[in-house]
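Beneath this line is the structure, given in C-alpha cells, with notes to follow.
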Amino acid sequence: MQPNQSELSEILIWIKAACHPIVRKVLAEALPDTKSRLIYQLSDGKLGVDEIRRKAKTSPNAVSTLQQQCTASGLMTLNADKRRVRLFDLHDFAMEPTDE
C-alpha cells in the first residue's frame, strides 16, 4: 500500500521538525557573519555571482568561495543553469542577514 499525499505531508512535517536544530547549527557554523548570510540568502539560483557580489558589496572570489564551501557541505546545489542554489531559507531559522 502506497502512502497518500496527506501521509507524506505529515512525514515531511516531522522530518523538518526533527532536523531543524541540526540544520540551524550547520548553517550557523558555515555562515558566521552577516556578509556570508547575505551571500547565502541571495544565492537562490536567480542571480549570478556578479549580481550577488554587488548586492553583498564583496568580491566575486568571496561569493564563489562561499558557494563552493556550501555546496561541498550540502547547503547548496547546482541548478540547470549551473548557478548555485541555497537549499534553505535563512528566514526559517531566524538567521536573516542584518545590517552590521
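In the C-alpha cells, chains take letters A, B, ... by order of appearance, with residues numbered from 1 within each chain and ligands from 1 in the order shown.
Residues within 10 Å of Asp44 (chain A), counting only C-alpha atoms and excluding same-chain residues fewer than 3 positions away, are Ile39, Tyr40, Gln41, Leu47, Gly48, Ile52, Met76, Thr77, Asn79, Arg83, Arg84, Val85, Arg86, Leu87, Phe88 and Asp89 of chain A.
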Give the helix (DSSP H, G or I) residues of chain A, as DSSP finds them on the backbone, and put them as an NGL selection string. :A and (5-30 or 34-42 or 49-56 or 60-72 or 90-93)
- Contacts of Thr65 (chain A) at 12 Å (only C-alpha atoms; same-chain gap of 2+ positions) as a PyMOL selection string: chain A and resi 30+36+39-40+49+53+58-63+67-72+84
DSSP strand (DSSP E) residues within chain A, as a ChimeraX atom specification:
/A:76-78,84-86
Put those residues in a file: N, CA and C atoms, as a short mmCIF file (atom, residue, chain, number, x, y, z; two decimals), in the first residue's frame.
```cif
data_model
loop_
_atom_site.label_atom_id
_atom_site.label_comp_id
_atom_site.auth_asym_id
_atom_site.auth_seq_id
_atom_site.Cartn_x
_atom_site.Cartn_y
_atom_site.Cartn_z
N MET A 76 24.01 23.86 -0.51
CA MET A 76 23.64 24.39 -1.82
C MET A 76 23.74 23.28 -2.85
N THR A 77 23.11 23.53 -3.98
CA THR A 77 23.19 22.62 -5.12
C THR A 77 23.34 23.45 -6.39
N LEU A 78 23.59 22.80 -7.50
CA LEU A 78 23.66 23.48 -8.79
C LEU A 78 22.35 23.30 -9.53
N ARG A 84 24.55 28.26 -8.39
CA ARG A 84 24.41 27.65 -7.08
C ARG A 84 23.10 28.12 -6.45
N VAL A 85 22.40 27.18 -5.82
CA VAL A 85 21.09 27.47 -5.23
C VAL A 85 21.08 27.00 -3.79
N ARG A 86 20.74 27.91 -2.88
CA ARG A 86 20.66 27.54 -1.47
C ARG A 86 19.52 26.55 -1.27
#
```
